[in-house]
file structure-v1.pdb (PDB, C-alpha atoms)
ATOM      1  CA  MET A   1     -62.699  98.902  83.441
ATOM      2  CA  MET A   2     -61.087 101.193  80.891
ATOM      3  CA  VAL A   3     -58.791  98.723  79.135
ATOM      4  CA  PRO A   4     -61.241  97.773  76.316
ATOM      5  CA  ALA A   5     -61.846 101.449  75.544
ATOM      6  CA  VAL A   6     -58.105 102.160  75.569
ATOM      7  CA  LEU A   7     -57.535  99.249  73.188
ATOM      8  CA  LEU A   8     -60.160 100.546  70.784
ATOM      9  CA  LEU A   9     -58.635 104.017  70.921
ATOM     10  CA  LEU A  10     -55.198 102.524  70.291
ATOM     11  CA  GLY A  11     -56.576 100.623  67.298
ATOM     12  CA  VAL A  12     -58.057 103.813  65.838
ATOM     13  CA  LEU A  13     -54.825 105.740  66.348
ATOM     14  CA  THR A  14     -52.806 102.949  64.731
ATOM     15  CA  ALA A  15     -55.196 102.782  61.781
ATOM     16  CA  VAL A  16     -54.951 106.539  61.248
ATOM     17  CA  ALA A  17     -51.310 107.303  62.031
ATOM     18  CA  ALA A  18     -49.416 104.276  60.700
ATOM     19  CA  PRO A  19     -50.552 104.528  57.033
ATOM     20  CA  ARG A  20     -49.685 108.229  57.023
ATOM     21  CA  LEU A  21     -46.237 107.545  58.416
ATOM     22  CA  LEU A  22     -45.621 104.837  55.828
ATOM     23  CA  ALA A  23     -46.887 107.100  53.028
ATOM     24  CA  ARG A  24     -44.482 109.890  54.050
ATOM     25  CA  ALA A  25     -41.480 107.604  54.448
ATOM     26  CA  ASP A  26     -38.975 107.427  51.597
ATOM     27  CA  TRP A  27     -37.890 103.821  52.138
ATOM     28  CA  PRO A  28     -40.903 101.595  51.186
ATOM     29  CA  ASP A  29     -40.137 101.803  47.449
ATOM     30  CA  ARG A  30     -36.478 101.040  48.168
ATOM     31  CA  GLU A  31     -37.279  98.108  50.437
ATOM     32  CA  PRO A  32     -40.676  96.685  49.385
ATOM     33  CA  VAL A  33     -40.212  93.465  51.347
ATOM     34  CA  VAL A  34     -39.722  95.394  54.580
ATOM     35  CA  ALA A  35     -42.695  97.608  53.674
ATOM     36  CA  LEU A  36     -44.862  94.528  53.102
ATOM     37  CA  TRP A  37     -43.967  93.289  56.567
ATOM     38  CA  ALA A  38     -44.637  96.718  58.110
ATOM     39  CA  TRP A  39     -48.108  96.900  56.565
ATOM     40  CA  GLN A  40     -48.938  93.411  57.776
ATOM     41  CA  CYS A  41     -47.856  94.351  61.291
ATOM     42  CA  VAL A  42     -49.991  97.505  61.241
ATOM     43  CA  VAL A  43     -53.124  95.645  60.157
ATOM     44  CA  ALA A  44     -52.393  92.838  62.624
ATOM     45  CA  ALA A  45     -52.134  95.424  65.414
ATOM     46  CA  VAL A  46     -55.495  96.969  64.466
ATOM     47  CA  LEU A  47     -57.183  93.574  64.380
ATOM     48  CA  LEU A  48     -55.503  92.550  67.630
ATOM     49  CA  CYS A  49     -56.783  95.696  69.361
ATOM     50  CA  CYS A  50     -60.315  94.781  68.335
ATOM     51  CA  ALA A  51     -59.907  91.126  69.369
ATOM     52  CA  LEU A  52     -58.485  91.952  72.801
ATOM     53  CA  SER A  53     -61.108  94.625  73.415
ATOM     54  CA  MET A  54     -63.826  92.129  72.485
ATOM     55  CA  THR A  55     -62.382  89.493  74.828
ATOM     56  CA  LEU A  56     -62.109  91.802  77.823
ATOM     57  CA  SER A  57     -65.543  93.304  77.169
ATOM     58  CA  ALA A  58     -67.062  89.839  77.023
ATOM     59  CA  ALA A  59     -65.252  88.912  80.236
ATOM     60  CA  ALA A  60     -66.721  91.997  81.904
ATOM     61  CA  ALA A  61     -70.226  91.273  80.628
ATOM     62  CA  TRP A  62     -70.508  87.542  81.321
ATOM     63  CA  GLN A  63     -69.147  85.537  84.204
ATOM     64  CA  ALA A  64     -68.867  82.381  82.093
ATOM     65  CA  VAL A  65     -66.516  84.069  79.641
ATOM     66  CA  ARG A  66     -64.511  85.545  82.502
ATOM     67  CA  GLY A  67     -64.106  82.112  84.020
ATOM     68  CA  HIS A  68     -62.607  80.743  80.830
ATOM     69  CA  VAL A  69     -60.355  83.703  80.040
ATOM     70  CA  PHE A  70     -58.989  84.027  83.589
ATOM     71  CA  ALA A  71     -59.252  80.361  84.573
ATOM     72  CA  THR A  72     -55.635  80.113  85.751
ATOM     73  CA  ALA A  73     -55.128  83.756  86.787
ATOM     74  CA  PRO A  74     -54.682  84.675  90.463
ATOM     75  CA  ARG A  75     -57.570  86.421  92.159
ATOM     76  CA  ALA A  76     -55.570  89.640  92.444
ATOM     77  CA  VAL A  77     -55.182  89.766  88.653
ATOM     78  CA  VAL A  78     -58.925  89.362  88.084
ATOM     79  CA  GLU A  79     -59.699  92.068  90.631
ATOM     80  CA  ALA A  80     -57.201  94.420  88.979
ATOM     81  CA  TYR A  81     -59.353  94.575  85.854
ATOM     82  CA  ALA A  82     -62.345  95.819  87.909
ATOM     83  CA  PHE A  83     -64.901  93.901  85.875
ATOM     84  CA  GLY A  84     -67.595  94.803  88.359
ATOM     85  CA  THR A  85     -67.480  98.457  87.305
ATOM     86  CA  ALA A  86     -68.329  97.696  83.678
ATOM     87  CA  GLY A  87     -71.575  99.230  82.548
ATOM     88  CA  ALA A  88     -74.100  98.323  79.887
ATOM     89  CA  TRP A  89     -71.558  99.116  77.169
ATOM     90  CA  ALA A  90     -69.597  95.911  77.810
ATOM     91  CA  PRO A  91     -72.021  93.398  76.232
ATOM     92  CA  THR A  92     -72.799  95.806  73.393
ATOM     93  CA  THR A  93     -69.118  96.280  72.605
ATOM     94  CA  ALA A  94     -68.401  92.566  72.837
ATOM     95  CA  VAL A  95     -71.259  91.629  70.520
ATOM     96  CA  ALA A  96     -70.432  94.359  67.994
ATOM     97  CA  LEU A  97     -66.769  93.365  67.816
ATOM     98  CA  ALA A  98     -67.679  89.672  67.647
ATOM     99  CA  CYS A  99     -69.957  90.401  64.695
ATOM    100  CA  GLY A 100     -67.079  92.255  63.069
ATOM    101  CA  GLY A 101     -64.825  89.251  63.559
ATOM    102  CA  VAL A 102     -67.387  86.860  62.098
ATOM    103  CA  TRP A 103     -67.900  89.209  59.156
ATOM    104  CA  SER A 104     -64.135  89.364  58.545
ATOM    105  CA  ALA A 105     -63.911  85.570  58.524
ATOM    106  CA  ALA A 106     -66.875  85.382  56.150
ATOM    107  CA  MET A 107     -65.291  87.909  53.783
ATOM    108  CA  LEU A 108     -62.008  85.991  53.792
ATOM    109  CA  LEU A 109     -63.843  82.740  53.092
ATOM    110  CA  ARG A 110     -65.743  84.399  50.256
ATOM    111  CA  GLU A 111     -62.529  85.766  48.775
ATOM    112  CA  LEU A 112     -60.879  82.345  48.929
ATOM    113  CA  VAL A 113     -63.903  80.699  47.299
ATOM    114  CA  ARG A 114     -63.906  83.315  44.554
ATOM    115  CA  ALA A 115     -60.177  82.907  44.004
ATOM    116  CA  ARG A 116     -60.542  79.148  43.774
ATOM    117  CA  ARG A 117     -63.380  79.541  41.294
ATOM    118  CA  ARG A 118     -61.317  81.953  39.198
ATOM    119  CA  ARG A 119     -58.383  79.547  39.216
ATOM    120  CA  GLY A 120     -60.678  76.717  38.159
ATOM    121  CA  LEU A 121     -62.037  78.736  35.248
ATOM    122  CA  ARG A 122     -58.553  79.756  34.152
ATOM    123  CA  ARG A 123     -57.314  76.176  34.381
ATOM    124  CA  ALA A 124     -60.275  74.961  32.333
ATOM    125  CA  GLU A 125     -59.598  77.663  29.750
ATOM    126  CA  LEU A 126     -55.913  76.765  29.746
ATOM    127  CA  LEU A 127     -56.735  73.107  29.173
ATOM    128  CA  VAL A 128     -58.922  74.029  26.191
ATOM    129  CA  ARG A 129     -56.294  76.321  24.656
ATOM    130  CA  ALA A 130     -53.350  74.041  25.499
ATOM    131  CA  PRO A 131     -54.751  70.462  25.557
ATOM    132  CA  LEU A 132     -52.732  67.568  26.855
ATOM    133  CA  LEU A 133     -50.833  65.544  24.307
ATOM    134  CA  PRO A 134     -51.277  61.761  24.098
ATOM    135  CA  GLY A 135     -49.479  60.168  27.031
ATOM    136  CA  GLU A 136     -49.001  63.472  28.855
ATOM    137  CA  GLU A 137     -50.004  63.437  32.526
ATOM    138  CA  PRO A 138     -52.047  66.331  33.999
ATOM    139  CA  GLY A 139     -49.834  68.660  35.989
ATOM    140  CA  ALA A 140     -46.650  67.057  34.739
ATOM    141  CA  GLU A 141     -45.202  70.353  33.465
ATOM    142  CA  ARG A 142     -44.948  73.557  35.480
ATOM    143  CA  LEU A 143     -44.352  75.683  32.369
ATOM    144  CA  VAL A 144     -47.085  76.053  29.738
ATOM    145  CA  VAL A 145     -46.597  77.840  26.417
ATOM    146  CA  LEU A 146     -49.886  79.264  25.187
ATOM    147  CA  GLU A 147     -50.594  80.282  21.602
ATOM    148  CA  SER A 148     -51.596  83.952  21.659
ATOM    149  CA  GLU A 149     -50.961  87.176  19.773
ATOM    150  CA  ARG A 150     -50.759  89.110  23.043
ATOM    151  CA  PRO A 151     -47.437  89.057  24.919
ATOM    152  CA  ASP A 152     -48.116  87.963  28.471
ATOM    153  CA  ALA A 153     -46.864  85.783  31.298
ATOM    154  CA  TRP A 154     -48.485  84.881  34.591
ATOM    155  CA  TRP A 155     -48.272  82.474  37.462
ATOM    156  CA  LEU A 156     -51.337  80.325  38.105
ATOM    157  CA  PRO A 157     -51.244  79.236  41.785
ATOM    158  CA  GLY A 158     -52.937  76.169  43.212
ATOM    159  CA  SER A 159     -52.201  72.573  44.119
ATOM    160  CA  THR A 160     -50.342  72.205  40.805
ATOM    161  CA  PRO A 161     -48.981  75.702  40.096
ATOM    162  CA  ARG A 162     -48.278  76.616  36.499
ATOM    163  CA  LEU A 163     -46.209  79.304  34.845
ATOM    164  CA  VAL A 164     -47.918  80.366  31.617
ATOM    165  CA  VAL A 165     -46.107  82.213  28.816
ATOM    166  CA  THR A 166     -47.664  83.189  25.501
ATOM    167  CA  THR A 167     -45.978  82.656  22.149
ATOM    168  CA  ALA A 168     -46.123  86.415  21.520
ATOM    169  CA  ALA A 169     -44.030  86.948  24.649
ATOM    170  CA  LEU A 170     -41.524  84.369  23.441
ATOM    171  CA  ARG A 171     -41.216  86.179  20.108
ATOM    172  CA  ARG A 172     -40.938  89.666  21.619
ATOM    173  CA  LEU A 173     -38.695  89.052  24.624
ATOM    174  CA  GLN A 174     -35.098  88.301  23.898
ATOM    175  CA  GLY A 175     -32.818  86.055  25.909
ATOM    176  CA  ARG A 176     -32.445  87.302  29.451
ATOM    177  CA  GLN A 177     -35.591  89.428  29.200
ATOM    178  CA  LEU A 178     -37.694  86.278  29.181
ATOM    179  CA  ASP A 179     -35.650  84.912  32.085
ATOM    180  CA  ALA A 180     -36.358  88.122  34.004
ATOM    181  CA  VAL A 181     -40.108  87.764  33.443
ATOM    182  CA  LEU A 182     -40.025  84.161  34.629
ATOM    183  CA  ALA A 183     -37.987  85.164  37.685
ATOM    184  CA  HIS A 184     -40.553  87.895  38.436
ATOM    185  CA  GLU A 185     -43.424  85.410  38.404
ATOM    186  CA  GLN A 186     -41.458  82.866  40.418
ATOM    187  CA  GLY A 187     -40.794  85.590  42.990
ATOM    188  CA  HIS A 188     -44.565  85.973  43.426
ATOM    189  CA  ALA A 189     -44.953  82.228  43.832
ATOM    190  CA  ARG A 190     -42.145  81.726  46.356
ATOM    191  CA  ALA A 191     -43.342  84.590  48.569
ATOM    192  CA  ARG A 192     -46.988  83.450  48.333
ATOM    193  CA  HIS A 193     -48.099  86.931  47.392
ATOM    194  CA  ASP A 194     -51.501  85.551  46.434
ATOM    195  CA  TRP A 195     -52.341  85.094  50.126
ATOM    196  CA  LEU A 196     -51.495  88.706  50.893
ATOM    197  CA  LEU A 197     -53.733  89.846  48.052
ATOM    198  CA  HIS A 198     -56.602  87.619  49.203
ATOM    199  CA  CYS A 199     -56.451  88.819  52.817
ATOM    200  CA  SER A 200     -56.163  92.489  51.905
ATOM    201  CA  ALA A 201     -59.040  92.213  49.411
ATOM    202  CA  ALA A 202     -61.239  90.492  51.996
ATOM    203  CA  LEU A 203     -60.697  93.252  54.575
ATOM    204  CA  ALA A 204     -61.172  96.057  52.050
ATOM    205  CA  GLU A 205     -64.387  94.562  50.665
ATOM    206  CA  GLY A 206     -65.734  93.621  54.078
ATOM    207  CA  PHE A 207     -65.109  97.054  55.596
ATOM    208  CA  PRO A 208     -65.182  99.543  52.705
ATOM    209  CA  GLN A 209     -65.601 102.497  55.089
ATOM    210  CA  VAL A 210     -62.312 101.774  56.916
ATOM    211  CA  PRO A 211     -59.508 103.638  55.065
ATOM    212  CA  VAL A 212     -56.651 101.585  56.524
ATOM    213  CA  PHE A 213     -57.971  98.391  54.923
ATOM    214  CA  ALA A 214     -58.391 100.054  51.515
ATOM    215  CA  ALA A 215     -54.848 101.432  51.772
ATOM    216  CA  PHE A 216     -53.620  97.978  52.822
ATOM    217  CA  ARG A 217     -55.147  96.397  49.696
ATOM    218  CA  ASP A 218     -53.733  99.060  47.367
ATOM    219  CA  GLU A 219     -50.260  98.888  48.878
ATOM    220  CA  MET A 220     -50.207  95.098  48.735
ATOM    221  CA  HIS A 221     -50.925  95.187  44.995
ATOM    222  CA  ARG A 222     -48.181  97.760  44.462
ATOM    223  CA  LEU A 223     -45.518  96.399  46.795
ATOM    224  CA  VAL A 224     -45.743  92.762  45.695
ATOM    225  CA  GLU A 225     -44.966  93.882  42.137
ATOM    226  CA  LEU A 226     -41.986  95.930  43.318
ATOM    227  CA  ALA A 227     -40.725  93.008  45.381
ATOM    228  CA  ALA A 228     -41.015  90.652  42.405
ATOM    229  CA  ASP A 229     -39.270  93.220  40.185
ATOM    230  CA  ASP A 230     -36.380  93.271  42.654
ATOM    231  CA  VAL A 231     -36.139  89.474  42.555
ATOM    232  CA  ALA A 232     -35.800  89.589  38.777
ATOM    233  CA  SER A 233     -33.462  92.600  38.671
ATOM    234  CA  ARG A 234     -31.027  91.100  41.181
ATOM    235  CA  ARG A 235     -30.612  88.053  38.963
ATOM    236  CA  PHE A 236     -30.748  89.585  35.489
ATOM    237  CA  GLY A 237     -30.200  93.307  35.940
ATOM    238  CA  ARG A 238     -32.462  96.330  36.197
ATOM    239  CA  LEU A 239     -32.219  97.322  32.539
ATOM    240  CA  THR A 240     -33.127  93.824  31.357
ATOM    241  CA  THR A 241     -36.107  93.691  33.722
ATOM    242  CA  ALA A 242     -37.284  97.163  32.650
ATOM    243  CA  LEU A 243     -37.054  96.220  28.954
ATOM    244  CA  ALA A 244     -39.026  93.061  29.660
ATOM    245  CA  LEU A 245     -41.771  95.105  31.351
ATOM    246  CA  VAL A 246     -41.890  97.474  28.388
ATOM    247  CA  GLY A 247     -42.014  94.589  25.946
ATOM    248  CA  LEU A 248     -44.954  92.958  27.695
ATOM    249  CA  ASN A 249     -46.981  96.144  28.163
ATOM    250  CA  GLU A 250     -46.186  98.550  25.336
ATOM    251  CA  ASP A 251     -49.235  97.413  23.298
ATOM    252  CA  ARG A 252     -51.649  97.924  26.227
ATOM    253  CA  GLY A 253     -51.539 101.700  26.287
ATOM    254  CA  VAL A 254     -50.007 101.888  29.748
ATOM    255  CA  PHE A 255     -47.414 104.416  28.604
ATOM    256  CA  GLY A 256     -49.979 106.806  27.150
ATOM    257  CA  PRO A 257     -51.714 109.803  28.762
ATOM    258  CA  CYS A 258     -54.948 107.936  29.554
ATOM    259  CA  PRO A 259     -55.134 105.853  32.774
ATOM    260  CA  THR A 260     -55.279 102.074  32.357
ATOM    261  CA  PRO A 261     -55.724  99.121  34.741
ATOM    262  CA  ARG A 262     -51.906  98.674  34.708
ATOM    263  CA  ALA A 263     -51.010 102.324  35.245
ATOM    264  CA  ASP A 264     -48.312 101.318  37.741
ATOM    265  CA  VAL A 265     -46.081  99.863  35.006
ATOM    266  CA  PRO A 266     -44.468 103.209  33.992
ATOM    267  CA  GLU A 267     -43.589 103.870  37.633
ATOM    268  CA  ARG A 268     -42.070 100.408  37.944
ATOM    269  CA  VAL A 269     -40.008 100.940  34.789
ATOM    270  CA  HIS A 270     -38.832 104.347  36.031
ATOM    271  CA  ARG A 271     -37.883 102.807  39.384
ATOM    272  CA  LEU A 272     -35.812 100.135  37.645
ATOM    273  CA  LEU A 273     -34.054 102.629  35.366
ATOM    274  CA  THR A 274     -33.303 105.126  38.144
ATOM    275  CA  PRO A 275     -32.269 102.853  41.005
ATOM    276  CA  ARG A 276     -31.760 104.174  44.501
ATOM    277  CA  THR A 277     -29.262 102.648  46.869
ATOM    278  CA  ARG A 278     -30.706 100.008  49.174
ATOM    279  CA  LEU A 279     -30.884 100.760  52.847
ATOM    280  CA  PRO A 280     -28.014  99.449  54.974
ATOM    281  CA  ALA A 281     -28.636  96.026  56.460
ATOM    282  CA  ALA A 282     -28.634  97.466  59.974
ATOM    283  CA  ARG A 283     -31.399  99.933  59.128
ATOM    284  CA  ARG A 284     -33.454  97.230  57.409
ATOM    285  CA  LEU A 285     -33.129  95.154  60.550
ATOM    286  CA  ARG A 286     -34.194  98.090  62.743
ATOM    287  CA  LEU A 287     -37.238  98.811  60.586
ATOM    288  CA  THR A 288     -38.250  95.159  60.665
ATOM    289  CA  ALA A 289     -37.846  95.048  64.437
ATOM    290  CA  VAL A 290     -39.857  98.240  64.959
ATOM    291  CA  ALA A 291     -42.643  96.940  62.721
ATOM    292  CA  SER A 292     -42.666  93.641  64.613
ATOM    293  CA  LEU A 293     -43.171  95.509  67.886
ATOM    294  CA  VAL A 294     -46.343  97.254  66.674
ATOM    295  CA  PRO A 295     -48.634  94.212  67.281
ATOM    296  CA  VAL A 296     -46.973  93.703  70.676
ATOM    297  CA  VAL A 297     -48.211  97.062  71.985
ATOM    298  CA  PRO A 298     -51.913  96.013  72.231
ATOM    299  CA  VAL A 299     -50.909  92.878  74.127
ATOM    300  CA  LEU A 300     -48.898  94.921  76.622
ATOM    301  CA  VAL A 301     -51.785  97.360  77.073
ATOM    302  CA  ALA A 302     -54.168  94.479  77.759
ATOM    303  CA  LEU A 303     -51.759  92.976  80.296
ATOM    304  CA  ILE A 304     -50.933  96.180  82.205
ATOM    305  CA  PRO A 305     -53.544  95.753  85.007
ATOM    306  CA  GLY A 306     -52.555  92.121  85.566
ATOM    307  CA  LEU A 307     -48.841  92.867  85.554
ATOM    308  CA  HIS A 308     -49.370  95.765  87.963
ATOM    309  CA  ALA A 309     -51.313  93.486  90.331
ATOM    310  CA  LEU A 310     -48.484  90.924  90.332
ATOM    311  CA  SER A 311     -45.714  93.473  90.886
TER     312      SER A 311
END
call {"tool": "encode", "arguments": {"input": "structure-v1.pdb", "output": "structure tokens"}}
result
Amino acid sequence: MMVPAVLLLLGVLTAVAAPRLLARADWPDREPVVALWAWQCVVAAVLLCCALSMTLSAAAAWQAVRGHVFATAPRAVVEAYAFGTAGAWAPTTAVALACGGVWSAAMLLRELVRARRRRGLRRAELLVRAPLLPGEEPGAERLVVLESERPDAWWLPGSTPRLVVTTAALRRLQGRQLDAVLAHEQGHARARHDWLLHCSAALAEGFPQVPVFAAFRDEMHRLVELAADDVASRRFGRLTTALALVGLNEDRGVFGPCPTPRADVPERVHRLLTPRTRLPAARRLRLTAVASLVPVVPVLVALIPGLHALS
């Protein structure tokens, strides 16, 4: 009964090798949408390895679990997994991985609760700073102009999503620059980037000692901004989008020598001003297909004994 151990080893190898391969590749910055998908597939493969290993370990440890998992499987398939040879490690592994799964779900739930609380606080603050006019219905407008001396724009997700723009941004950004900023924020909203950020944050906070989850969180924050920049630049041009980024952030010290919370802005501006040719459509399709196959590998490994018994 070596399949659970092989799955765990495969998960470790995927968690170690895949981020390094993606970090060395030269295409993620050119194709952030494809890179986002590749990272999701890598993390899904790691989690799937753990889930399948937990299931097979539990089936080896307890007859009741085995009866449910292999309820419709032929006897030859069940015998191919050699559950009778499993030692004392099977229940320990199953319980440990189950606890990890419960902890992951708890961390995701906590992240969603925190995000909802943050949205509620921001909506309450927005209502105080931009109160409804007489006769105006709550949530009637998707665009809110907020009086502020700081140029800024952000998308506030939720059941009634809002796009908030400050008056300072309206004064500073000219014409198509403002359109580019709005297109950037709408790109976040259409792609539901907030869900990617929530999931990556939950894994990174729940398992701070696992490097692949920390790298996943960091890359999600970086790649979603690049993807939204591309949405804006394809509609309004790279120079216009770069000038809009500079206009919104030049007063925040992000272009100085000292690191800031938005230190990625200079890199984004440089990327927009020195564009690299997009990958050919055929290569983008190949990369997407290869990434999609990564989560399939653990499933095939788990099915090998059964498929061999049926052949």
call {"tool": "resolve_selection", "arguments": {"input": "structure-v1.pdb", "expression": "the PyMOL selection byres ((chain A and resi 219) around 12)", "output": "CSV table (one decimal) with C-alpha atoms, keeping the file's coordinate frame"}}
result
chain,number,residue,atom,x,y,z
A,19,PRO,CA,-50.6,104.5,57.0
A,22,LEU,CA,-45.6,104.8,55.8
A,23,ALA,CA,-46.9,107.1,53.0
A,28,PRO,CA,-40.9,101.6,51.2
A,29,ASP,CA,-40.1,101.8,47.4
A,32,PRO,CA,-40.7,96.7,49.4
A,33,VAL,CA,-40.2,93.5,51.3
A,35,ALA,CA,-42.7,97.6,53.7
A,36,LEU,CA,-44.9,94.5,53.1
A,37,TRP,CA,-44.0,93.3,56.6
A,38,ALA,CA,-44.6,96.7,58.1
A,39,TRP,CA,-48.1,96.9,56.6
A,40,GLN,CA,-48.9,93.4,57.8
A,196,LEU,CA,-51.5,88.7,50.9
A,197,LEU,CA,-53.7,89.8,48.1
A,200,SER,CA,-56.2,92.5,51.9
A,201,ALA,CA,-59.0,92.2,49.4
A,204,ALA,CA,-61.2,96.1,52.0
A,212,VAL,CA,-56.7,101.6,56.5
A,213,PHE,CA,-58.0,98.4,54.9
A,214,ALA,CA,-58.4,100.1,51.5
A,215,ALA,CA,-54.8,101.4,51.8
A,216,PHE,CA,-53.6,98.0,52.8
A,217,ARG,CA,-55.1,96.4,49.7
A,218,ASP,CA,-53.7,99.1,47.4
A,220,MET,CA,-50.2,95.1,48.7
A,221,HIS,CA,-50.9,95.2,45.0
A,222,ARG,CA,-48.2,97.8,44.5
A,223,LEU,CA,-45.5,96.4,46.8
A,224,VAL,CA,-45.7,92.8,45.7
A,225,GLU,CA,-45.0,93.9,42.1
A,226,LEU,CA,-42.0,95.9,43.3
A,227,ALA,CA,-40.7,93.0,45.4
A,264,ASP,CA,-48.3,101.3,37.7
call {"tool": "resolve_selection", "arguments": {"input": "structure-v1.pdb", "expression": "the PyMOL selection byres ((chain A and resi 52-64) around 12)", "output": "ChimeraX atom specification"}}
result
/A:1-11,44-51,65-71,78-79,81-101,295-303,305
call {"tool": "write_last_selection", "arguments": {"input": "structure-v1.pdb", "atoms": "C-alpha atoms", "output": "CSV table (one decimal), keeping the file's coordinate frame"}}
result
chain,number,residue,atom,x,y,z
A,1,MET,CA,-62.7,98.9,83.4
A,2,MET,CA,-61.1,101.2,80.9
A,3,VAL,CA,-58.8,98.7,79.1
A,4,PRO,CA,-61.2,97.8,76.3
A,5,ALA,CA,-61.8,101.4,75.5
A,6,VAL,CA,-58.1,102.2,75.6
A,7,LEU,CA,-57.5,99.2,73.2
A,8,LEU,CA,-60.2,100.5,70.8
A,9,LEU,CA,-58.6,104.0,70.9
A,10,LEU,CA,-55.2,102.5,70.3
A,11,GLY,CA,-56.6,100.6,67.3
A,44,ALA,CA,-52.4,92.8,62.6
A,45,ALA,CA,-52.1,95.4,65.4
A,46,VAL,CA,-55.5,97.0,64.5
A,47,LEU,CA,-57.2,93.6,64.4
A,48,LEU,CA,-55.5,92.6,67.6
A,49,CYS,CA,-56.8,95.7,69.4
A,50,CYS,CA,-60.3,94.8,68.3
A,51,ALA,CA,-59.9,91.1,69.4
A,65,VAL,CA,-66.5,84.1,79.6
A,66,ARG,CA,-64.5,85.5,82.5
A,67,GLY,CA,-64.1,82.1,84.0
A,68,HIS,CA,-62.6,80.7,80.8
A,69,VAL,CA,-60.4,83.7,80.0
A,70,PHE,CA,-59.0,84.0,83.6
A,71,ALA,CA,-59.3,80.4,84.6
A,78,VAL,CA,-58.9,89.4,88.1
A,79,GLU,CA,-59.7,92.1,90.6
A,81,TYR,CA,-59.4,94.6,85.9
A,82,ALA,CA,-62.3,95.8,87.9
A,83,PHE,CA,-64.9,93.9,85.9
A,84,GLY,CA,-67.6,94.8,88.4
A,85,THR,CA,-67.5,98.5,87.3
A,86,ALA,CA,-68.3,97.7,83.7
A,87,GLY,CA,-71.6,99.2,82.5
A,88,ALA,CA,-74.1,98.3,79.9
A,89,TRP,CA,-71.6,99.1,77.2
A,90,ALA,CA,-69.6,95.9,77.8
A,91,PRO,CA,-72.0,93.4,76.2
A,92,THR,CA,-72.8,95.8,73.4
A,93,THR,CA,-69.1,96.3,72.6
A,94,ALA,CA,-68.4,92.6,72.8
A,95,VAL,CA,-71.3,91.6,70.5
A,96,ALA,CA,-70.4,94.4,68.0
A,97,LEU,CA,-66.8,93.4,67.8
A,98,ALA,CA,-67.7,89.7,67.6
A,99,CYS,CA,-70.0,90.4,64.7
A,100,GLY,CA,-67.1,92.3,63.1
A,101,GLY,CA,-64.8,89.3,63.6
A,295,PRO,CA,-48.6,94.2,67.3
A,296,VAL,CA,-47.0,93.7,70.7
A,297,VAL,CA,-48.2,97.1,72.0
A,298,PRO,CA,-51.9,96.0,72.2
A,299,VAL,CA,-50.9,92.9,74.1
A,300,LEU,CA,-48.9,94.9,76.6
A,301,VAL,CA,-51.8,97.4,77.1
A,302,ALA,CA,-54.2,94.5,77.8
A,303,LEU,CA,-51.8,93.0,80.3
A,305,PRO,CA,-53.5,95.8,85.0
call {"tool": "resolve_selection", "arguments": {"input": "structure-v1.pdb", "expression": "the PyMOL selection byres ((chain A and resi 172-186) around 7)", "output": "list in words"}}
result
Trp154, Trp155, Ala168, Ala169, Leu170, Arg171, Gly187, His188, Ala189, Arg190, Ala228, Asp229, Val231, Ala232, Phe236, Thr240, Thr241, Leu243, Ala244 and Gly247 of chain A
call {"tool": "closest_residue", "arguments": {"input": "structure-v1.pdb", "among": "A:Ala282, A:Val254, A:Ala80, A:Val210", "to": "Ala15 in chain A", "atoms": "all atoms listed in the file"}}
result
A:Val210
call {"tool": "residues_around", "arguments": {"input": "structure-v1.pdb", "residues": "Val128 in chain A", "least_positions_apart": "6", "cutoff": "12 Å", "atoms": "only C-alpha atoms", "output": "ChimeraX atom specification"}}
result
/A:121-122,146-147
call {"tool": "residues_around", "arguments": {"input": "structure-v1.pdb", "residues": "Val34 in chain A", "least_positions_apart": "6", "cutoff": "9 Å", "atoms": "only C-alpha atoms", "output": "number ranges by chain"}}
result
A: 27-28, 284-285, 287-288, 291
call {"tool": "atom_distance", "arguments": {"input": "structure-v1.pdb", "atom1": "CA of Ala105 in chain A", "atom2": "CA of Val42 in chain A"}}
result
18.5 Å
call {"tool": "atom_distance", "arguments": {"input": "structure-v1.pdb", "atom1": "CA of Val43 in chain A", "atom2": "CA of Arg286 in chain A"}}
result
19.3 Å
call {"tool": "atom_distance", "arguments": {"input": "structure-v1.pdb", "atom1": "CA of Gly253 in chain A", "atom2": "CA of Glu149 in chain A"}}
result
15.9 Å
call {"tool": "residues_near_point", "arguments": {"input": "structure-v1.pdb", "point": "(-49.1, 89.2, 87.5)", "cutoff": "10 Å", "atoms": "all atoms listed in the file", "output": "ChimeraX atom specification"}}
result
/A:73-74,76-78,80,303-311
call {"tool": "closest_residue", "arguments": {"input": "structure-v1.pdb", "among": "A:Leu112, A:Glu250, A:Pro157, A:Arg150", "to": "Ala191 in chain A", "atoms": "only C-alpha atoms"}}
result
A:Pro157
